>>> print(open('run-v9.cif').read())   # mmCIF, C-alpha atoms and all ligand atoms
data_my_file
#
loop_
_atom_site.label_atom_id
_atom_site.label_comp_id
_atom_site.auth_asym_id
_atom_site.auth_seq_id
_atom_site.Cartn_x
_atom_site.Cartn_y
_atom_site.Cartn_z
CA MET A 85 0.00 0.00 0.00
CA THR A 86 1.16 3.47 -0.78
CA ASP A 87 2.06 5.46 2.25
CA VAL A 88 0.05 8.64 1.72
CA PRO A 89 -0.16 11.02 4.65
CA GLU A 90 -3.34 12.79 5.68
CA THR A 91 -3.92 16.04 3.85
CA PRO A 92 -2.55 18.98 5.84
CA SER A 93 -5.17 20.44 8.18
CA VAL A 94 -3.78 23.93 7.60
CA LEU A 95 -5.66 23.98 4.30
CA ASP A 96 -9.03 24.00 6.06
CA LEU A 97 -10.56 21.65 3.49
CA PRO A 98 -14.34 21.34 3.47
CA ALA A 99 -15.99 18.74 5.67
CA PHE A 100 -17.43 15.74 3.86
CA GLU A 101 -20.94 15.64 5.34
CA PRO A 102 -22.95 12.42 5.55
CA GLY A 103 -25.56 12.23 2.82
CA TRP A 104 -23.44 14.20 0.38
CA VAL A 105 -22.01 13.10 -2.96
CA TRP A 106 -18.64 14.39 -4.11
CA LEU A 107 -18.09 14.07 -7.85
CA VAL A 108 -14.34 13.81 -8.07
CA GLY A 109 -11.88 13.79 -10.94
CA ALA A 110 -9.12 11.19 -10.60
CA GLY A 111 -6.86 12.70 -13.26
CA PRO A 112 -5.52 10.88 -16.30
CA GLY A 113 -3.75 8.04 -14.52
CA ASP A 114 -0.68 8.91 -12.48
CA PRO A 115 -1.91 8.83 -8.86
CA GLY A 116 0.30 11.83 -8.13
CA LEU A 117 -2.03 13.91 -10.28
CA ILE A 118 -5.07 13.81 -8.02
CA THR A 119 -5.94 16.97 -6.14
CA LEU A 120 -5.63 17.52 -2.41
CA LEU A 121 -9.41 17.76 -2.28
CA ALA A 122 -9.76 14.40 -3.99
CA HIS A 123 -7.32 12.89 -1.53
CA HIS A 124 -9.12 14.49 1.41
CA GLY A 125 -12.45 13.14 0.12
CA LEU A 126 -11.02 9.65 -0.28
CA LYS A 127 -9.85 9.70 3.33
CA LYS A 128 -13.36 10.57 4.54
CA ALA A 129 -15.69 8.75 2.15
CA ASP A 130 -17.89 5.83 3.27
CA ALA A 131 -18.48 4.66 -0.30
CA VAL A 132 -16.32 5.17 -3.39
CA VAL A 133 -18.08 4.54 -6.69
CA TYR A 134 -15.36 4.35 -9.32
CA ASP A 135 -14.99 3.99 -13.07
CA ALA A 136 -12.67 1.97 -15.24
CA LEU A 137 -9.37 3.82 -15.82
CA VAL A 138 -9.01 4.72 -12.15
CA ASP A 139 -5.66 3.45 -10.88
CA ASP A 140 -5.71 0.96 -8.00
CA ARG A 141 -3.22 3.09 -6.14
CA ILE A 142 -5.76 5.91 -6.05
CA LEU A 143 -8.38 3.53 -4.67
CA ALA A 144 -5.82 2.42 -2.11
CA MET A 145 -5.90 5.97 -0.73
CA ALA A 146 -9.52 5.47 0.37
CA ARG A 147 -10.21 5.23 4.07
CA ALA A 148 -9.79 1.68 5.34
CA GLY A 149 -13.28 0.26 5.57
CA ALA A 150 -14.72 2.41 2.79
CA GLU A 151 -16.97 0.48 0.46
CA LEU A 152 -15.44 0.34 -3.06
CA ILE A 153 -18.07 0.01 -5.77
CA TYR A 154 -17.08 -0.54 -9.38
CA ALA A 155 -19.27 1.21 -11.94
CA GLY A 156 -17.33 0.73 -15.15
CA LYS A 157 -17.10 -1.67 -18.00
CA ARG A 158 -15.23 -4.91 -17.36
CA GLY A 159 -14.40 -8.02 -19.34
CA GLY A 160 -16.35 -6.97 -22.42
CA LYS A 161 -19.58 -6.74 -20.42
CA PRO A 162 -21.67 -3.67 -21.08
CA SER A 163 -21.21 -0.87 -18.59
CA PRO A 164 -23.97 -0.19 -16.11
CA LYS A 165 -26.54 2.19 -17.55
CA GLN A 166 -26.06 5.80 -16.58
CA PRO A 167 -29.40 6.04 -14.71
CA ASP A 168 -28.38 2.97 -12.68
CA ILE A 169 -25.18 4.66 -11.59
CA SER A 170 -26.99 7.88 -10.72
CA ASN A 171 -29.64 5.94 -8.79
CA ARG A 172 -26.95 4.10 -6.89
CA LEU A 173 -25.36 7.39 -5.87
CA ILE A 174 -28.74 8.71 -4.72
CA GLN A 175 -29.48 5.51 -2.81
CA LEU A 176 -26.13 5.55 -1.01
CA ALA A 177 -26.47 9.23 -0.14
CA ARG A 178 -29.97 8.65 1.22
CA GLN A 179 -28.54 5.96 3.48
CA GLY A 180 -26.57 8.78 5.05
CA LYS A 181 -23.25 7.80 3.50
CA ARG A 182 -20.51 10.09 2.33
CA VAL A 183 -20.40 9.08 -1.31
CA LEU A 184 -17.38 9.78 -3.46
CA ARG A 185 -18.00 9.32 -7.16
CA LEU A 186 -14.55 8.91 -8.70
CA LYS A 187 -14.22 9.50 -12.42
CA GLY A 188 -11.23 9.48 -14.76
CA GLY A 189 -9.76 12.84 -15.71
CA ASP A 190 -12.16 15.67 -14.99
CA PRO A 191 -15.78 14.80 -14.22
CA PHE A 192 -17.12 17.60 -16.41
CA VAL A 193 -15.05 16.83 -19.51
CA PHE A 194 -16.65 14.13 -21.65
CA GLY A 195 -17.27 12.29 -18.41
CA ARG A 196 -21.01 12.52 -17.82
CA GLY A 197 -20.35 14.28 -14.54
CA GLY A 198 -22.96 16.84 -15.52
CA GLU A 199 -25.56 14.15 -16.07
CA GLU A 200 -24.86 12.58 -12.70
CA ALA A 201 -24.91 15.93 -10.94
CA LEU A 202 -28.25 16.85 -12.52
CA ALA A 203 -29.70 13.56 -11.33
CA LEU A 204 -28.56 14.52 -7.82
CA VAL A 205 -30.20 17.92 -8.21
CA ALA A 206 -33.46 16.24 -9.24
CA ALA A 207 -33.24 13.96 -6.20
CA GLU A 208 -32.31 16.91 -3.94
CA VAL A 209 -29.07 15.23 -2.90
CA PRO A 210 -26.39 17.80 -2.02
CA PHE A 211 -23.14 17.51 -3.91
CA ARG A 212 -19.72 19.05 -4.51
CA ILE A 213 -17.66 18.98 -7.71
CA VAL A 214 -13.94 18.31 -7.39
CA PRO A 215 -12.33 18.96 -10.78
CA GLY A 216 -9.52 16.77 -12.00
CA ILE A 217 -6.78 17.00 -14.58
CA THR A 218 -8.28 16.06 -17.89
CA ALA A 219 -6.49 13.60 -20.19
CA GLY A 220 -6.56 16.07 -23.06
CA ILE A 221 -4.39 18.49 -21.12
CA GLY A 222 -2.48 16.57 -18.44
CA GLY A 223 -2.15 13.41 -20.51
CA LEU A 224 -0.70 15.36 -23.40
CA ALA A 225 1.65 17.14 -21.02
CA TYR A 226 3.05 13.73 -20.05
CA ALA A 227 3.75 13.16 -23.72
CA GLY A 228 5.56 16.49 -23.96
CA VAL A 229 2.79 18.14 -25.98
CA PRO A 230 1.48 21.45 -24.63
CA THR A 231 -2.13 22.31 -25.53
CA THR A 232 -1.14 25.89 -26.30
CA HIS A 233 2.07 27.68 -27.15
CA ARG A 234 2.35 31.23 -28.43
CA ASP A 235 4.34 30.20 -31.48
CA THR A 236 1.86 27.57 -32.62
CA ASN A 237 -1.74 28.23 -31.60
CA HIS A 238 -4.07 30.68 -29.93
CA THR A 239 -6.99 28.30 -29.84
CA VAL A 240 -7.50 24.68 -28.95
CA THR A 241 -10.63 22.63 -29.43
CA PHE A 242 -11.56 19.57 -27.40
CA VAL A 243 -13.62 17.14 -29.42
CA THR A 244 -15.18 13.76 -28.77
CA GLY A 245 -14.96 11.24 -31.59
CA HIS A 246 -17.77 9.23 -30.11
CA ALA A 247 -21.41 10.17 -29.55
CA ALA A 248 -23.78 8.42 -27.16
CA GLY A 249 -24.72 5.90 -29.86
CA GLY A 250 -21.08 5.05 -30.67
CA ASP A 251 -20.83 6.89 -33.98
CA VAL A 252 -18.92 10.06 -34.72
CA PRO A 253 -21.14 12.90 -33.48
CA ASP A 254 -23.00 14.32 -36.49
CA THR A 255 -23.15 17.83 -35.03
CA ILE A 256 -19.44 18.53 -35.49
CA ASP A 257 -18.51 20.95 -38.26
CA TRP A 258 -15.13 19.43 -39.16
CA ALA A 259 -14.42 21.98 -41.86
CA ALA A 260 -14.92 24.79 -39.35
CA LEU A 261 -12.51 23.05 -36.97
CA ALA A 262 -9.98 22.56 -39.75
CA ARG A 263 -10.17 26.27 -40.59
CA GLY A 264 -10.52 27.78 -37.17
CA SER A 265 -8.80 25.69 -34.55
CA GLY A 266 -5.09 26.08 -33.96
CA ALA A 267 -4.97 22.70 -32.29
CA ILE A 268 -7.46 19.88 -32.02
CA VAL A 269 -7.54 17.42 -29.14
CA LEU A 270 -9.65 14.35 -29.71
CA TYR A 271 -11.04 12.11 -26.99
CA MET A 272 -12.49 8.65 -27.71
CA ALA A 273 -11.45 8.91 -31.33
CA LEU A 274 -9.36 5.83 -32.15
CA LYS A 275 -12.21 3.88 -33.69
CA HIS A 276 -13.24 6.65 -36.05
CA LEU A 277 -9.86 8.24 -36.64
CA ASP A 278 -9.86 7.37 -40.32
CA HIS A 279 -13.18 9.14 -40.85
CA ILE A 280 -12.24 12.14 -38.70
CA ALA A 281 -8.85 12.64 -40.38
CA GLY A 282 -10.59 12.42 -43.76
CA GLU A 283 -13.11 15.08 -42.78
CA LEU A 284 -10.40 17.39 -41.48
CA MET A 285 -8.41 17.04 -44.71
CA ILE A 286 -11.50 17.72 -46.81
CA GLY A 287 -11.95 20.77 -44.56
CA GLY A 288 -8.50 21.99 -45.51
CA LEU A 289 -5.99 20.57 -43.04
CA ALA A 290 -2.81 19.47 -44.77
CA ALA A 291 -2.13 15.76 -45.09
CA ASP A 292 1.15 16.24 -43.25
CA THR A 293 -0.33 18.08 -40.26
CA PRO A 294 1.50 16.64 -37.24
CA VAL A 295 -0.44 14.20 -35.07
CA ALA A 296 0.41 12.58 -31.75
CA VAL A 297 -1.59 9.67 -30.40
CA VAL A 298 -1.01 9.14 -26.70
CA SER A 299 -2.38 5.99 -25.15
CA ASN A 300 -2.52 5.33 -21.41
CA ALA A 301 -1.10 8.78 -20.86
CA SER A 302 0.65 9.38 -17.55
CA THR A 303 0.53 5.69 -16.64
CA THR A 304 3.43 3.25 -16.75
CA HIS A 305 1.95 1.95 -20.01
CA GLN A 306 2.05 5.30 -21.78
CA ARG A 307 2.79 5.05 -25.50
CA VAL A 308 3.15 7.92 -27.92
CA LEU A 309 2.84 7.62 -31.66
CA GLU A 310 3.94 10.58 -33.73
CA THR A 311 2.57 10.61 -37.24
CA ARG A 312 0.80 12.85 -39.76
CA LEU A 313 -2.86 13.33 -40.41
CA ALA A 314 -3.00 11.28 -43.61
CA ASP A 315 -1.31 8.27 -41.95
CA ALA A 316 -2.67 8.49 -38.42
CA ALA A 317 -5.43 5.88 -38.62
CA ASP A 318 -3.22 3.29 -40.39
CA ASP A 319 -0.31 3.94 -38.06
CA VAL A 320 -2.51 3.42 -35.00
CA VAL A 321 -3.40 -0.03 -36.30
CA ALA A 322 0.12 -0.83 -37.48
CA HIS A 323 1.59 0.02 -34.08
CA GLY A 324 -1.16 -1.60 -32.05
CA ILE A 325 -2.03 1.59 -30.21
CA GLU A 326 -4.97 0.94 -27.93
CA ALA A 327 -7.58 2.92 -26.05
CA PRO A 328 -7.69 4.96 -23.95
CA ALA A 329 -5.93 7.41 -26.18
CA ILE A 330 -5.84 11.12 -26.81
CA VAL A 331 -5.12 12.43 -30.29
CA ALA A 332 -3.45 15.80 -30.67
CA ILE A 333 -3.53 17.44 -34.10
CA GLY A 334 -1.55 20.52 -35.06
CA GLU A 335 1.80 22.24 -34.77
CA ILE A 336 1.78 21.74 -31.00
CA VAL A 337 2.90 18.18 -31.70
CA ARG A 338 6.20 19.43 -33.11
CA LEU A 339 7.04 20.93 -29.73
CA ARG A 340 7.48 17.40 -28.45
CA ASP A 341 11.02 17.36 -29.84
CA GLY A 342 11.81 19.93 -27.19
CA LEU A 343 9.39 19.02 -24.44
CA ASP A 344 9.36 15.24 -24.15
CA TRP A 345 10.55 15.42 -20.58
CA LEU A 346 9.67 11.78 -19.88
CA GLY A 347 11.72 10.72 -22.90
CA ALA A 348 14.57 12.81 -21.55
CA LEU A 349 14.56 10.67 -18.41
CA ASP A 350 15.36 7.79 -20.76
CA GLY A 351 18.12 9.69 -22.46
CA ARG A 352 16.30 11.50 -25.26
CA VAL A 353 18.12 14.69 -26.16
CA LEU A 354 15.69 17.60 -26.20
CA LYS A 355 15.91 20.37 -28.76
CA PRO A 356 15.66 23.90 -27.36
CA ASP A 357 14.23 25.16 -30.66
CA PRO A 358 11.87 22.42 -31.83
CA LEU A 359 10.00 24.69 -34.26
CA GLY A 360 13.21 25.98 -35.83
CA LEU A 361 12.23 29.59 -35.16
CA ARG A 362 15.17 30.85 -33.25
CA ALA A 363 17.47 31.00 -36.25
CA ASP A 364 15.46 33.78 -37.89
CA ARG A 365 14.72 35.67 -34.75
CA ARG A 366 16.71 38.62 -33.57
CA VAL A 367 17.61 38.42 -29.96
CA GLY A 368 17.39 41.98 -28.67
N1 LIG B 401 -13.36 12.70 -18.11
C1 LIG B 401 -12.21 12.17 -18.78
C2 LIG B 401 -12.56 11.73 -20.18
C3 LIG B 401 -13.49 10.54 -20.21
S1 LIG B 401 -13.82 10.00 -21.83
C4 LIG B 401 -11.10 13.24 -18.78
O1 LIG B 401 -11.35 14.38 -18.41
O2 LIG B 401 -9.97 12.91 -19.13
C5 LIG B 401 -12.65 8.70 -22.01
C6 LIG B 401 -11.58 9.13 -22.96
O3 LIG B 401 -10.64 9.96 -22.29
C7 LIG B 401 -10.75 8.02 -23.54
O4 LIG B 401 -11.40 7.41 -24.63
C8 LIG B 401 -9.52 8.76 -23.97
O5 LIG B 401 -9.74 9.48 -25.17
C9 LIG B 401 -9.37 9.76 -22.84
N2 LIG B 401 -8.47 9.29 -21.78
C10 LIG B 401 -8.78 9.12 -20.48
N3 LIG B 401 -7.69 8.72 -19.79
C11 LIG B 401 -6.68 8.64 -20.68
C12 LIG B 401 -5.31 8.30 -20.59
N4 LIG B 401 -4.72 7.96 -19.43
N5 LIG B 401 -4.57 8.32 -21.73
C13 LIG B 401 -5.11 8.68 -22.90
N6 LIG B 401 -6.41 9.00 -23.04
C14 LIG B 401 -7.18 9.00 -21.95
#
>>> encode(input="run-v9.cif", output="structure tokens", more="lines below")
Ligand code: SAH
Amino acid sequence: MTDVPETPSVLDLPAFEPGWVWLVGAGPGDPGLITLLAHHGLKKADAVVYDALVDDRILAMARAGAELIYAGKRGGKPSPKQPDISNRLIQLARQGKRVLRLKGGDPFVFGRGGEEALALVAAEVPFRIVPGITAGIGGLAYAGVPTTHRDTNHTVTFVTGHAAGGDVPDTIDWAALARGSGAIVLYMALKHLDHIAGELMIGGLAADTPVAVVSNASTTHQRVLETRLADAADDVVAHGIEAPAIVAIGEIVRLRDGLDWLGALDGRVLKPDPLGLRADRRVG
């Protein structure tokens, strides 16, 4: 078991009242990326209802004796229906328990945290939201890809490649994204990457737009595939890259040559000028 101390009392963290639900982000994977509030909640919770993708070492931070309830997909079985999960939270809270709903990344980013919270509102169960580090930001950071950089992009768009029914959402204007977004970060997009890349190229993105696919970001199984838009879908298959994965599209990916700090731990030599801009810049 990890030896994690109690959160410092000097912070005056909020009390976890019985009958409350805390909707908590667990971050992208690395247990070190949970917040102090998440840790505090885990130490106080009576029941922890957790999703797939939540690291065992985070669960191990829960108070000894806390009930751990799995609410994700396992072994190819379908995941519990969303209303069932929400009802379970309501039921546990009504039993007077302190209920911690632990979700991967940030609960409000493609995580149905909003749906669960609204169910709590309808049931008049009090709740608190504890944001987490989302995979599309923190996971990319572990791959050495910043979501913004002044030399590459002033906008970034977070997109899901997967609608409720499993298809690519039909409300996305890919051409507008291709024209207007300096960087695109795709969640849940591996399955439809071929289609999405095609749409973005029809919309005007160059075939050689840099792409990074980061699977299991921030975990010990992290893998990063660097490719270009036209080849991304084939390369994912060829290299056996598996979900969960984040796909970053745009010049931000080129910064990885300078910012792959994890690679540097393994001896990769980082380039201070990965975009090749410094040569034509006057240093004043
Ligand atoms: N609420 C989560 C997202 C849930 S949707 C968040 O804020 O991060 C699930 C998708 O998140 C996955 O399909 C994948 O695209 C992404 N994801 C979550 N954890 C990841 C990880 N460790 N590495 C890469 N992608 C991840």
>>> residues_near_ligand(input="run-v9.cif", ligand="ligand LIG 401 (chain B)", cutoff="7 Å", atoms="only C-alpha atoms and all ligand atoms", output="PyMOL selection string")
chain A and resi 111-113+137+187-195+217-220+223+270-273+298-303+327-330
>>> write_last_selection(input="run-v9.cif", atoms="C-alpha atoms", output="PDB file, in the frame of the given file")
ATOM      1  CA  GLY A 111      -6.860  12.700 -13.260  1.00  0.00           C
ATOM      2  CA  PRO A 112      -5.520  10.880 -16.300  1.00  0.00           C
ATOM      3  CA  GLY A 113      -3.750   8.040 -14.520  1.00  0.00           C
ATOM      4  CA  LEU A 137      -9.370   3.820 -15.820  1.00  0.00           C
ATOM      5  CA  LYS A 187     -14.220   9.500 -12.420  1.00  0.00           C
ATOM      6  CA  GLY A 188     -11.230   9.480 -14.760  1.00  0.00           C
ATOM      7  CA  GLY A 189      -9.760  12.840 -15.710  1.00  0.00           C
ATOM      8  CA  ASP A 190     -12.160  15.670 -14.990  1.00  0.00           C
ATOM      9  CA  PRO A 191     -15.780  14.800 -14.220  1.00  0.00           C
ATOM     10  CA  PHE A 192     -17.120  17.600 -16.410  1.00  0.00           C
ATOM     11  CA  VAL A 193     -15.050  16.830 -19.510  1.00  0.00           C
ATOM     12  CA  PHE A 194     -16.650  14.130 -21.650  1.00  0.00           C
ATOM     13  CA  GLY A 195     -17.270  12.290 -18.410  1.00  0.00           C
ATOM     14  CA  ILE A 217      -6.780  17.000 -14.580  1.00  0.00           C
ATOM     15  CA  THR A 218      -8.280  16.060 -17.890  1.00  0.00           C
ATOM     16  CA  ALA A 219      -6.490  13.600 -20.190  1.00  0.00           C
ATOM     17  CA  GLY A 220      -6.560  16.070 -23.060  1.00  0.00           C
ATOM     18  CA  GLY A 223      -2.150  13.410 -20.510  1.00  0.00           C
ATOM     19  CA  LEU A 270      -9.650  14.350 -29.710  1.00  0.00           C
ATOM     20  CA  TYR A 271     -11.040  12.110 -26.990  1.00  0.00           C
ATOM     21  CA  MET A 272     -12.490   8.650 -27.710  1.00  0.00           C
ATOM     22  CA  ALA A 273     -11.450   8.910 -31.330  1.00  0.00           C
ATOM     23  CA  VAL A 298      -1.010   9.140 -26.700  1.00  0.00           C
ATOM     24  CA  SER A 299      -2.380   5.990 -25.150  1.00  0.00           C
ATOM     25  CA  ASN A 300      -2.520   5.330 -21.410  1.00  0.00           C
ATOM     26  CA  ALA A 301      -1.100   8.780 -20.860  1.00  0.00           C
ATOM     27  CA  SER A 302       0.650   9.380 -17.550  1.00  0.00           C
ATOM     28  CA  THR A 303       0.530   5.690 -16.640  1.00  0.00           C
ATOM     29  CA  ALA A 327      -7.580   2.920 -26.050  1.00  0.00           C
ATOM     30  CA  PRO A 328      -7.690   4.960 -23.950  1.00  0.00           C
ATOM     31  CA  ALA A 329      -5.930   7.410 -26.180  1.00  0.00           C
ATOM     32  CA  ILE A 330      -5.840  11.120 -26.810  1.00  0.00           C
TER      33      ILE A 330
END
>>> residues_around(input="run-v9.cif", residues="A:Pro356", least_positions_apart="6", cutoff="9 Å", atoms="only C-alpha atoms", output="PyMOL selection string")
chain A and resi 341-343
>>> closest_residue(input="run-v9.cif", among="A:Asp251, A:Val321, A:Glu101, A:Ile118", to="A:Pro210", atoms="all atoms listed in the file")
A:Glu101
>>> closest_residue(input="run-v9.cif", among="A:Leu277, A:Leu359, A:Leu202, A:Ala267", to="A:Val320", atoms="only C-alpha atoms")
A:Leu277
>>> residues_around(input="run-v9.cif", residues="A:Ala99", least_positions_apart="5", cutoff="10 Å", atoms="all atoms listed in the file", output="PyMOL selection string")
chain A and resi 124-125+128
>>> residues_around(input="run-v9.cif", residues="A:Gly149", least_positions_apart="2", cutoff="10 Å", atoms="all atoms listed in the file", output="ChimeraX atom specification")
/A:129-131,146-147,151-152
>>> residues_around(input="run-v9.cif", residues="A:Leu121", least_positions_apart="4", cutoff="9 Å", atoms="all atoms listed in the file", output="number ranges by chain")
A: 91, 97-98, 108, 125-126, 214
>>> atom_distance(input="run-v9.cif", atom1="atom CA of A:Ala155", atom2="atom CA of A:Asp135")
5.2 Å
>>> residues_around(input="run-v9.cif", residues="stretch 237-240 of chain A", least_positions_apart="2", cutoff="10 Å", atoms="only C-alpha atoms", output="ChimeraX atom specification")
/A:231-235,242-243,261,264-269,332-336
>>> write_last_selection(input="run-v9.cif", atoms="C-alpha atoms", output="CSV table (one decimal), in the frame of the given file")
chain,number,residue,atom,x,y,z
A,231,THR,CA,-2.1,22.3,-25.5
A,232,THR,CA,-1.1,25.9,-26.3
A,233,HIS,CA,2.1,27.7,-27.2
A,234,ARG,CA,2.4,31.2,-28.4
A,235,ASP,CA,4.3,30.2,-31.5
A,242,PHE,CA,-11.6,19.6,-27.4
A,243,VAL,CA,-13.6,17.1,-29.4
A,261,LEU,CA,-12.5,23.0,-37.0
A,264,GLY,CA,-10.5,27.8,-37.2
A,265,SER,CA,-8.8,25.7,-34.6
A,266,GLY,CA,-5.1,26.1,-34.0
A,267,ALA,CA,-5.0,22.7,-32.3
A,268,ILE,CA,-7.5,19.9,-32.0
A,269,VAL,CA,-7.5,17.4,-29.1
A,332,ALA,CA,-3.4,15.8,-30.7
A,333,ILE,CA,-3.5,17.4,-34.1
A,334,GLY,CA,-1.6,20.5,-35.1
A,335,GLU,CA,1.8,22.2,-34.8
A,336,ILE,CA,1.8,21.7,-31.0
>>> closest_residue(input="run-v9.cif", among="A:Val308, A:Arg263, A:Ala207, A:Leu120", to="A:Gln175", atoms="all atoms listed in the file")
A:Ala207
>>> atom_distance(input="run-v9.cif", atom1="atom CA of A:Ile221", atom2="atom CA of A:Gly198")
19.5 Å
>>> closest_residue(input="run-v9.cif", among="A:Gly245, A:Gly250, A:Gly282, A:Gly228", to="A:Arg338", atoms="only C-alpha atoms")
A:Gly228
>>> atom_distance(input="run-v9.cif", atom1="atom CA of A:Arg340", atom2="atom CA of A:Ile142")
28.4 Å
>>> closest_residue(input="run-v9.cif", among="A:Arg362, A:Ala227, A:Arg312, A:Lys127", to="A:Ala148", atoms="all atoms listed in the file")
A:Lys127
>>> closest_residue(input="run-v9.cif", among="A:Ser93, A:Thr119, A:Gln166, A:Thr236", to="A:Ile213", atoms="only C-alpha atoms")
A:Thr119
